[in-house]
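S.K.: One file: my_file_24.txt (compact mmCIF, C-alpha atoms).
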```txt
# COMPACT_ATOMS: atom_id res chain seq x y z
CA MET A 1 98.74 103.89 66.03
CA ALA A 2 95.37 104.16 64.38
CA GLU A 3 93.60 102.64 67.36
CA SER A 4 94.17 105.55 69.70
CA MET A 5 92.47 107.90 67.27
CA ALA A 6 89.20 106.01 66.87
CA LEU A 7 88.55 104.58 70.32
CA GLU A 8 84.95 104.79 71.38
CA PRO A 9 84.20 105.56 75.02
CA GLY A 10 81.90 103.80 77.46
CA LEU A 11 79.73 100.79 76.73
CA LYS A 12 80.11 101.07 72.96
CA GLY A 13 83.82 100.95 73.63
CA ILE A 14 83.55 97.49 75.22
CA ALA A 15 81.94 96.07 72.11
CA SER A 16 84.47 97.62 69.78
CA ASP A 17 87.48 96.78 72.02
CA TRP A 18 86.52 93.13 72.37
CA GLY A 19 85.39 92.88 68.76
CA SER A 20 88.53 94.47 67.34
CA ASP A 21 90.24 91.15 66.54
CA GLN A 22 93.24 92.52 68.41
CA ARG A 23 94.10 92.91 72.05
CA ALA A 24 91.00 93.74 74.06
CA PHE A 25 92.56 96.12 76.56
CA LYS A 26 93.38 99.26 74.64
CA ASN A 27 95.76 101.87 76.04
CA VAL A 28 96.92 99.36 78.66
CA PRO A 29 100.40 97.88 78.30
CA TRP A 30 100.13 94.08 78.54
CA GLY A 31 102.28 93.96 81.68
CA LYS A 32 99.74 96.15 83.42
CA ALA A 33 96.80 94.08 82.14
CA MET A 34 98.53 90.93 83.42
CA MET A 35 99.11 92.55 86.82
CA TRP A 36 95.40 93.39 87.00
CA ILE A 37 94.48 89.80 86.19
CA PHE A 38 96.95 88.51 88.79
CA LEU A 39 95.39 90.85 91.35
CA LEU A 40 91.95 89.56 90.39
CA SER A 41 93.07 86.00 91.18
CA ASP A 42 94.64 87.23 94.42
CA THR A 43 91.31 88.84 95.30
CA PHE A 44 89.72 85.41 95.16
CA ILE A 45 92.41 83.89 97.39
CA PHE A 46 91.99 86.56 100.05
CA SER A 47 88.21 86.29 99.76
CA CYS A 48 88.44 82.56 100.43
CA PHE A 49 90.41 83.25 103.61
CA LEU A 50 88.04 85.96 104.78
CA ILE A 51 84.95 83.88 103.98
CA SER A 52 86.39 80.86 105.83
CA TYR A 53 87.00 83.16 108.75
CA MET A 54 83.37 84.32 108.59
CA THR A 55 82.21 80.71 108.47
CA VAL A 56 84.16 79.58 111.55
CA ARG A 57 83.28 82.71 113.47
CA MET A 58 79.56 82.35 112.74
CA SER A 59 79.43 78.64 113.44
CA THR A 60 81.31 78.47 116.74
CA THR A 61 79.25 78.13 119.90
CA VAL A 62 82.13 79.54 121.96
CA ASP A 63 82.44 83.33 122.25
CA TRP A 64 84.84 84.91 119.78
CA PRO A 65 87.72 86.78 121.47
CA VAL A 66 87.06 90.55 121.43
CA PRO A 67 89.63 91.96 118.94
CA SER A 68 89.33 95.40 120.51
CA GLU A 69 90.72 93.97 123.78
CA VAL A 70 93.06 91.36 122.30
CA PHE A 71 94.85 93.98 120.21
CA ALA A 72 94.84 96.73 122.81
CA LEU A 73 98.19 98.17 123.76
CA SER A 74 99.16 100.05 126.88
CA PHE A 75 101.77 102.80 126.92
CA GLY A 76 102.14 102.87 130.66
CA GLY A 77 98.52 103.82 131.29
CA GLU A 78 95.11 102.50 130.35
CA PRO A 79 95.26 100.11 127.39
CA ILE A 80 94.22 101.84 124.15
CA PRO A 81 92.06 99.58 121.95
CA LEU A 82 93.49 98.54 118.58
CA ILE A 83 96.08 101.30 118.67
CA LEU A 84 98.88 99.37 116.93
CA ILE A 85 96.48 98.24 114.19
CA ALA A 86 95.35 101.85 113.68
CA ILE A 87 98.97 102.98 113.33
CA MET A 88 99.66 100.15 110.87
CA THR A 89 96.62 101.23 108.85
CA PHE A 90 97.82 104.82 108.61
CA ILE A 91 101.31 103.66 107.64
CA LEU A 92 99.99 101.47 104.83
CA ILE A 93 97.76 104.27 103.53
CA SER A 94 100.70 106.66 103.56
CA SER A 95 102.77 104.15 101.63
CA SER A 96 100.00 104.01 99.03
CA GLY A 97 100.09 107.80 98.80
CA THR A 98 103.83 107.92 98.21
CA MET A 99 103.55 105.07 95.68
CA ALA A 100 100.86 106.90 93.70
CA MET A 101 103.15 109.94 93.53
CA ALA A 102 106.12 107.78 92.49
CA VAL A 103 104.06 106.60 89.50
CA LYS A 104 103.25 110.18 88.57
CA PHE A 105 106.88 111.31 88.76
CA GLY A 106 107.90 108.17 86.88
CA TYR A 107 105.82 109.13 83.87
CA GLU A 108 107.35 112.61 84.09
CA LYS A 109 110.75 110.86 83.94
CA ASN A 110 111.78 112.54 87.16
CA LYS A 111 114.32 109.97 88.29
CA THR A 112 115.23 111.46 91.66
CA MET A 113 111.69 111.92 92.90
CA THR A 114 110.59 108.50 91.62
CA PHE A 115 113.54 106.80 93.31
CA TRP A 116 113.05 108.48 96.68
CA LEU A 117 109.28 108.06 96.71
CA ILE A 118 109.64 104.33 96.01
CA VAL A 119 112.27 104.06 98.75
CA VAL A 120 109.94 105.84 101.20
CA THR A 121 107.13 103.47 100.17
CA ALA A 122 109.40 100.49 100.83
CA MET A 123 110.39 101.90 104.24
CA PHE A 124 106.72 102.32 105.20
CA GLY A 125 106.13 98.74 104.07
CA ALA A 126 109.08 97.43 106.05
CA SER A 127 107.91 99.22 109.20
CA PHE A 128 104.47 97.71 108.68
CA VAL A 129 105.98 94.22 108.59
CA GLY A 130 108.05 95.09 111.67
CA MET A 131 104.95 96.09 113.63
CA GLN A 132 103.23 92.94 112.49
CA ALA A 133 106.17 90.87 113.77
CA PHE A 134 105.82 92.69 117.09
CA GLU A 135 102.06 92.01 117.14
CA TRP A 136 102.57 88.31 116.39
CA THR A 137 105.29 87.96 119.02
CA LYS A 138 103.11 89.60 121.66
CA LEU A 139 100.18 87.36 120.78
CA ILE A 140 102.19 84.15 120.69
CA VAL A 141 104.53 84.71 123.62
CA GLU A 142 102.49 86.82 126.04
CA GLU A 143 98.90 85.88 125.26
CA GLY A 144 99.50 82.25 124.30
CA VAL A 145 97.53 82.36 121.06
CA ARG A 146 98.04 79.27 118.89
CA PRO A 147 96.44 78.20 115.60
CA TRP A 148 94.56 75.49 117.52
CA GLY A 149 93.54 77.44 120.61
CA ASN A 150 93.88 80.46 122.85
CA PRO A 151 92.95 81.47 126.39
CA MET A 152 90.45 84.15 125.28
CA GLY A 153 87.74 82.20 123.51
CA ALA A 154 86.93 80.32 120.31
CA PRO A 155 89.94 78.19 119.28
CA GLN A 156 89.49 79.08 115.59
CA PHE A 157 90.61 82.64 116.34
CA GLY A 158 94.31 81.80 116.08
CA ALA A 159 94.00 79.84 112.84
CA ALA A 160 92.05 82.64 111.15
CA PHE A 161 94.36 85.35 112.50
CA PHE A 162 97.67 83.72 111.56
CA MET A 163 96.45 82.64 108.13
CA ILE A 164 94.92 85.96 107.09
CA THR A 165 97.44 88.40 108.52
CA GLY A 166 100.29 86.04 107.69
CA PHE A 167 99.33 85.81 104.04
CA HIS A 168 98.91 89.58 103.89
CA GLY A 169 102.23 90.18 105.63
CA PHE A 170 103.86 87.84 103.13
CA HIS A 171 102.44 89.99 100.32
CA VAL A 172 103.82 93.12 101.97
CA THR A 173 107.25 91.52 102.36
CA ILE A 174 107.39 90.47 98.71
CA GLY A 175 106.18 93.96 97.79
CA VAL A 176 108.99 95.62 99.76
CA ILE A 177 111.59 93.45 97.99
CA PHE A 178 110.20 94.31 94.56
CA LEU A 179 109.89 97.99 95.46
CA LEU A 180 113.59 98.06 96.31
CA ILE A 181 114.42 96.29 93.02
CA THR A 182 112.29 98.83 91.13
CA ALA A 183 113.92 101.72 92.99
CA PHE A 184 117.35 100.36 92.10
CA LYS A 185 116.38 100.10 88.43
CA VAL A 186 115.07 103.66 88.43
CA ARG A 187 118.26 105.02 89.95
CA ARG A 188 120.54 103.05 87.65
CA GLY A 189 118.67 104.55 84.71
CA ASP A 190 117.33 101.24 83.35
CA LEU A 191 114.02 102.84 82.52
CA ASP A 192 115.53 105.87 80.75
CA ASN A 193 118.04 103.79 78.80
CA GLU A 194 115.49 101.06 78.02
CA ARG A 195 117.87 98.51 79.46
CA PRO A 196 116.31 95.03 79.29
CA GLY A 197 115.30 93.60 82.62
CA PHE A 198 116.40 90.50 84.47
CA MET A 199 115.16 87.34 82.68
CA THR A 200 113.49 89.29 79.88
CA GLY A 201 114.46 90.87 76.61
CA ARG A 202 111.87 93.63 77.00
CA LYS A 203 113.18 97.12 77.36
CA GLY A 204 112.92 99.00 80.62
CA ARG A 205 110.19 101.65 80.67
CA TYR A 206 108.44 103.71 83.29
CA GLU A 207 105.20 101.75 83.12
CA ILE A 208 106.84 99.11 85.36
CA VAL A 209 106.58 101.68 88.17
CA GLU A 210 102.83 101.82 87.60
CA THR A 211 102.56 98.02 87.49
CA MET A 212 104.53 97.81 90.73
CA GLY A 213 102.21 100.48 92.12
CA LEU A 214 99.12 98.43 91.26
CA TYR A 215 100.47 95.55 93.33
CA TRP A 216 101.30 97.85 96.20
CA HIS A 217 97.88 99.54 96.23
CA PHE A 218 96.30 96.10 96.18
CA VAL A 219 98.17 95.17 99.37
CA ASP A 220 96.73 98.33 100.94
CA LEU A 221 93.29 97.46 99.57
CA VAL A 222 93.35 93.99 101.13
CA TRP A 223 94.33 95.55 104.44
CA VAL A 224 91.19 97.74 104.30
CA PHE A 225 89.10 94.57 104.24
CA ILE A 226 91.14 92.76 106.90
CA PHE A 227 90.96 95.83 109.15
CA ALA A 228 87.18 96.00 108.76
CA PHE A 229 86.30 92.33 109.03
CA PHE A 230 88.94 90.94 111.35
CA TYR A 231 89.88 93.77 113.68
CA LEU A 232 86.76 95.95 113.82
CA TRP A 233 83.90 93.50 113.42
CA MET B 1 101.37 99.38 69.38
CA ALA B 2 100.11 102.80 70.25
CA HIS B 3 102.08 103.84 73.24
CA VAL B 4 100.13 106.27 75.33
CA GLU B 5 102.33 107.74 78.04
CA GLY B 6 99.41 107.12 80.32
CA GLN B 7 98.09 108.08 83.71
CA GLN B 8 99.40 111.55 84.38
CA HIS B 9 97.26 113.44 86.79
CA PRO B 10 97.88 116.51 88.92
CA ILE B 11 99.60 115.64 92.19
CA ALA B 12 96.88 117.44 94.17
CA ILE B 13 94.43 114.61 93.56
CA TYR B 14 96.75 112.13 95.27
CA PHE B 15 97.12 114.38 98.31
CA TRP B 16 93.34 114.78 98.45
CA ILE B 17 92.71 111.05 98.33
CA TRP B 18 95.48 110.43 100.85
CA GLY B 19 93.81 112.90 103.21
CA LEU B 20 90.37 111.40 102.63
CA LEU B 21 91.69 107.91 103.36
CA PHE B 22 93.18 109.21 106.60
CA VAL B 23 89.86 110.76 107.60
CA LEU B 24 87.90 107.61 106.70
CA SER B 25 90.37 105.40 108.59
CA THR B 26 90.04 107.65 111.62
CA PHE B 27 86.26 107.32 111.37
CA SER B 28 86.42 103.53 111.20
CA TYR B 29 88.83 103.48 114.15
CA MET B 30 86.41 105.70 116.09
CA VAL B 31 83.67 103.10 115.53
CA ASP B 32 85.70 100.79 117.74
CA TYR B 33 87.02 103.47 120.09
CA LEU B 34 83.54 104.81 120.83
CA ASP B 35 82.33 101.22 121.18
CA PHE B 36 79.35 101.39 118.82
CA GLN B 37 77.57 98.05 118.81
CA GLY B 38 75.09 96.06 116.74
CA LEU B 39 73.65 97.18 113.44
CA LEU B 40 75.11 100.69 113.70
CA ARG B 41 78.62 99.27 114.12
CA TRP B 42 78.33 96.87 111.18
CA THR B 43 76.80 99.47 108.88
CA LEU B 44 79.48 102.04 109.66
CA ILE B 45 82.32 99.51 109.28
CA ILE B 46 81.05 98.40 105.86
CA ALA B 47 80.37 101.95 104.69
CA PHE B 48 83.85 103.25 105.58
CA MET B 49 85.45 100.09 104.19
CA LEU B 50 83.70 100.40 100.83
CA ALA B 51 84.47 104.12 100.61
CA LYS B 52 88.17 103.49 101.24
CA ALA B 53 88.33 100.55 98.84
CA GLY B 54 86.55 102.60 96.17
CA LEU B 55 88.96 105.52 96.49
CA ILE B 56 92.02 103.27 96.32
CA VAL B 57 90.83 101.38 93.25
CA ALA B 58 89.40 104.40 91.43
CA VAL B 59 92.17 106.92 91.99
CA PHE B 60 95.36 105.29 93.28
CA MET B 61 94.97 102.36 90.89
CA HIS B 62 93.71 104.72 88.16
CA MET B 63 90.67 102.58 87.40
CA MET B 64 88.41 105.60 86.83
CA TRP B 65 90.60 106.67 83.90
CA GLU B 66 90.75 103.24 82.28
CA ARG B 67 88.58 102.06 79.42
CA MET B 68 85.30 100.33 80.15
CA ALA B 69 86.62 96.99 78.84
CA ILE B 70 89.23 96.58 81.60
CA MET B 71 86.97 98.09 84.28
CA CYS B 72 84.37 95.39 83.60
CA ALA B 73 86.90 92.58 83.18
CA ILE B 74 88.43 93.32 86.59
CA LEU B 75 85.56 94.68 88.68
CA ILE B 76 82.64 92.42 87.70
CA PRO B 77 84.11 88.94 88.46
CA PRO B 78 84.67 89.70 92.19
CA MET B 79 80.90 90.24 92.50
CA VAL B 80 80.44 86.45 92.64
CA ILE B 81 82.20 86.64 96.01
CA ILE B 82 78.99 88.13 97.40
CA LEU B 83 77.15 84.96 96.36
CA LEU B 84 79.81 82.74 97.97
CA THR B 85 79.53 84.84 101.14
CA LEU B 86 75.76 84.33 101.26
CA LEU B 87 76.07 80.58 100.65
CA MET B 88 78.71 80.18 103.33
CA ALA B 89 76.72 82.31 105.78
CA ALA B 90 73.76 79.96 105.33
CA GLU B 91 76.08 76.99 105.81
CA ALA B 92 77.65 78.52 108.93
CA ASN B 93 74.23 79.15 110.41
CA TYR B 94 73.28 75.55 109.81
CA VAL B 95 76.49 74.30 111.46
CA PHE B 96 75.90 76.63 114.39
CA PHE B 97 72.40 75.29 115.08
CA THR B 98 73.55 71.71 114.54
CA ARG B 99 76.21 72.23 117.18
CA LEU B 100 73.71 73.71 119.61
CA PHE B 101 71.46 70.76 118.93
CA PHE B 102 73.88 67.86 119.21
CA PHE B 103 76.64 69.14 121.48
CA GLY B 104 74.19 70.07 124.18
CA ALA B 105 75.12 73.73 124.27
CA ALA B 106 71.39 74.37 124.63
CA PRO B 107 70.09 71.81 127.13
CA GLU B 108 66.47 72.86 126.72
CA MET B 109 66.64 71.52 123.16
CA ALA B 110 67.84 68.06 124.17
CA PRO B 111 64.36 66.55 124.86
CA VAL B 112 63.36 67.38 121.29
CA LEU B 113 66.01 64.94 120.10
CA HIS B 114 64.73 62.02 122.09
CA HIS B 115 61.24 62.10 120.68
```
What would you get if you wrote out this structure as C-alpha cells?
M.R.:
Amino acid sequence: MAESMALEPGLKGIASDWGSDQRAFKNVPWGKAMMWIFLLSDTFIFSCFLISYMTVRMSTTVDWPVPSEVFALSFGGEPIPLILIAIMTFILISSSGTMAMAVKFGYEKNKTMTFWLIVVTAMFGASFVGMQAFEWTKLIVEEGVRPWGNPMGAPQFGAAFFMITGFHGFHVTIGVIFLLITAFKVRRGDLDNERPGFMTGRKGRYEIVETMGLYWHFVDLVWVFIFAFFYLW
Amino acid sequence: MAHVEGQQHPIAIYFWIWGLLFVLSTFSYMVDYLDFQGLLRWTLIIAFMLAKAGLIVAVFMHMMWERMAIMCAILIPPMVIILLTLLMAAEANYVFFTRLFFFGAAPEMAPVLHH
C-alpha cells in the first residue's frame, strides 16, 4: 500500500521502480505486464515477417505485382483499388474503439455495457476474418496466386502475402475466441464475484478486460503496419 | 499489493481517437487512390502509419498513462528492429545486384564478368 503514496514520476521513477527490490512495474497488475511482454515478443515475430518480405521484394529482379490492382474490387463498374482492404481497416479500427470503451465500462463495473461492447468487438473481428477468407479465396481461385508463384509478377508475392496476412488473421481468430470467453465471464458475473478462472486459482477481476484489450489493440496495431507496407507500398 | 483501479478516462477521448484513426486511415487510403508515387508516396505512408500506431499505443493501450519503467521496457526494445531493417536492406540490395550480374538480367554487364 505504501508504494502508491511515494511513487516518483518520470525518469527518477525508473531508477526507484527498478531499484525497489520489489516488482519493477508499479501500478500494473502482473497479468497486464505479462501481456505487454508477450506483445513485445509478438512484435519481433511480425517484424521478422515484414522484414523478410522487404528483403525478397527488394532483391527480386522480376516486377512486384501492383497491390493496388491485385486487391481491386469491382462492384459492377470500374474496379476500385484496395477497397476491401480499406473496409477491413475501418472495421478493425472500429473494433479497437469498442474494445477501448469496454475496458472503461469494465472498470466502472458496468456489466451490461462491457458485455455488449466486447460482443460488438468480437463481431467486428469475425467479419474481418470473413472478409479475409473472401480475399484469400478470390486470390487463390480466381487469380491463381500460390506461395510459389502467381501470374502477376514476382513469385515471392504469394509466400509473403499468405504468411503475413495468414499469421495476422490467425491472431484475429484467436482474439475473437478469447473475446467471446471474456464476454461470457463478464455476463456470468465472474469478475464481480471474483470467481476463479479456468485453470487458475486467481480471482476474476475487471483488469482481465484491459489485458484482453491490449491483445486486441495489438492486432489492430499490426494491421496498421501490414496495411502500410504490404498493401500501400 | 496496492490495487489501483486503473485506467479510467473520459469516454470522449476514445471517440476522438477513433475519429482521428478514421481520418488518418482515409488519408493513407487516398495516397493509393490518388496514385501518388515515389518519395511523396513513401513519406506519406510512413507518416500516417506512425501517427496511427502512436495513437493506438498511447491512448487505446493506455501507454501514455503508464509509468516510465514499463514505457521504456516495452517501447525501447523494438527500436533494434530499425537496425535489422537497415542490415537486411543492405543485404537485399547486394542480392539484387548479384542477380543482375550473374543471371544476365542486365546483358550489358555480362562482358565485365569475362575479363
S.K.: What does the distance from atom CA of B:Met64 to atom CA of A:Ile226 come to in Å, to one decimal?
M.R.: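 Pair atom CA of B:Met64 / atom CA of A:Ile226 returns 24.0 Å.
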S.K.: Can you check which residues of chain B have any atom within 7 Å of chain A? Use only C-alpha atoms and format it as a PDB file with C-alpha atoms, in the frame of the given file.
M.R.:
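Below you can see out_19.pdb, which holds the result:
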```pdb
ATOM      1  CA  MET B   1     101.370  99.380  69.380  1.00  0.00           C
ATOM      2  CA  ALA B   2     100.110 102.800  70.250  1.00  0.00           C
ATOM      3  CA  VAL B   4     100.130 106.270  75.330  1.00  0.00           C
ATOM      4  CA  GLU B   5     102.330 107.740  78.040  1.00  0.00           C
ATOM      5  CA  GLN B   8      99.400 111.550  84.380  1.00  0.00           C
ATOM      6  CA  ILE B  11      99.600 115.640  92.190  1.00  0.00           C
ATOM      7  CA  TYR B  14      96.750 112.130  95.270  1.00  0.00           C
ATOM      8  CA  TRP B  18      95.480 110.430 100.850  1.00  0.00           C
ATOM      9  CA  PHE B  22      93.180 109.210 106.600  1.00  0.00           C
ATOM     10  CA  TYR B  29      88.830 103.480 114.150  1.00  0.00           C
ATOM     11  CA  ASP B  32      85.700 100.790 117.740  1.00  0.00           C
ATOM     12  CA  TYR B  33      87.020 103.470 120.090  1.00  0.00           C
ATOM     13  CA  TRP B  42      78.330  96.870 111.180  1.00  0.00           C
ATOM     14  CA  ILE B  45      82.320  99.510 109.280  1.00  0.00           C
ATOM     15  CA  MET B  49      85.450 100.090 104.190  1.00  0.00           C
ATOM     16  CA  ALA B  53      88.330 100.550  98.840  1.00  0.00           C
ATOM     17  CA  ILE B  56      92.020 103.270  96.320  1.00  0.00           C
ATOM     18  CA  PHE B  60      95.360 105.290  93.280  1.00  0.00           C
ATOM     19  CA  MET B  61      94.970 102.360  90.890  1.00  0.00           C
ATOM     20  CA  MET B  68      85.300 100.330  80.150  1.00  0.00           C
ATOM     21  CA  ALA B  69      86.620  96.990  78.840  1.00  0.00           C
ATOM     22  CA  ILE B  70      89.230  96.580  81.600  1.00  0.00           C
ATOM     23  CA  ILE B  74      88.430  93.320  86.590  1.00  0.00           C
ATOM     24  CA  THR B  85      79.530  84.840 101.140  1.00  0.00           C
ATOM     25  CA  MET B  88      78.710  80.180 103.330  1.00  0.00           C
ATOM     26  CA  ALA B  89      76.720  82.310 105.780  1.00  0.00           C
ATOM     27  CA  ALA B  92      77.650  78.520 108.930  1.00  0.00           C
ATOM     28  CA  ASN B  93      74.230  79.150 110.410  1.00  0.00           C
ATOM     29  CA  VAL B  95      76.490  74.300 111.460  1.00  0.00           C
ATOM     30  CA  PHE B  96      75.900  76.630 114.390  1.00  0.00           C
TER      31      PHE B  96
END
```
S.K.: Please determine, counting all atoms listed in the file, which residue among A:Gly144, A:Gly175, A:Gly31, A:Gly169 has the shortest atom-to-atom distance to A:Met88.
M.R.: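 Among A:Gly144, A:Gly175, A:Gly31, A:Gly169, it is A:Gly169 that comes nearest to A:Met88.
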S.K.: Kindly indicate which residue among A:Leu139, A:Val219, A:Ala160, A:Gly149 lies nearest to A:Val172, using all atoms listed in the file for the distances.
M.R.: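 Of A:Leu139, A:Val219, A:Ala160, A:Gly149, the one nearest A:Val172 is A:Val219, counting all atoms listed in the file.
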S.K.: Take every atom of stretch 73-79 of chain B listed in the file, pad by 8 Å on each side, and give me the axis-aligned box centre and edge lengths in Å, one decimal, as lines of an AutoDock Vina configuration file.
M.R.:
```
center_x = 84.7
center_y = 91.8
center_z = 87.8
size_x = 23.5
size_y = 21.7
size_z = 25.3
```
S.K.: Atom CA of A:Ala126 to atom CA of A:Thr173: how many Å, to one decimal?
M.R.: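 Atom CA of A:Thr173 lies at a distance of 7.2 Å from atom CA of A:Ala126.
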S.K.: Could you work out how far atom CA of A:Arg146 lies from atom CA of A:Asp63, giving the answer in Å with one decimal?
M.R.: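 Interatomic distance here is 16.5 Å.
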S.K.: If I put a ball of radius 12 Å at (99.4, 83.3, 110.1) in the file's coordinates, which residues poke into it when counting all atoms listed in the file, written as a list in words?
M.R.: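 Every polymer residue passing the test: Phe49, Gln132, Ala133, Glu135, Trp136, Thr137, Leu139, Ile140, Val145, Arg146, Pro147, Trp148, Phe157, Gly158, Ala159, Ala160, Phe161, Phe162, Met163, Ile164, Thr165, Gly166, Phe167, His168, Gly169 and Phe170 of chain A.
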S.K.: Near A:Phe115, counting only C-alpha atoms, which residues have an atom at most 10 Å away, once you skip same-chain residues fewer than 5 positions from it, shown as a PDB file with C-alpha atoms, in the frame of the given file?
M.R.:
```
ATOM      1  CA  ALA A 102     106.120 107.780  92.490  1.00  0.00           C
ATOM      2  CA  PHE A 105     106.880 111.310  88.760  1.00  0.00           C
ATOM      3  CA  GLY A 106     107.900 108.170  86.880  1.00  0.00           C
ATOM      4  CA  ASN A 110     111.780 112.540  87.160  1.00  0.00           C
ATOM      5  CA  VAL A 120     109.940 105.840 101.200  1.00  0.00           C
ATOM      6  CA  THR A 121     107.130 103.470 100.170  1.00  0.00           C
ATOM      7  CA  LEU A 179     109.890  97.990  95.460  1.00  0.00           C
ATOM      8  CA  LEU A 180     113.590  98.060  96.310  1.00  0.00           C
ATOM      9  CA  THR A 182     112.290  98.830  91.130  1.00  0.00           C
ATOM     10  CA  ALA A 183     113.920 101.720  92.990  1.00  0.00           C
ATOM     11  CA  PHE A 184     117.350 100.360  92.100  1.00  0.00           C
ATOM     12  CA  LYS A 185     116.380 100.100  88.430  1.00  0.00           C
ATOM     13  CA  VAL A 186     115.070 103.660  88.430  1.00  0.00           C
ATOM     14  CA  ARG A 187     118.260 105.020  89.950  1.00  0.00           C
ATOM     15  CA  ARG A 188     120.540 103.050  87.650  1.00  0.00           C
TER      16      ARG A 188
END
```
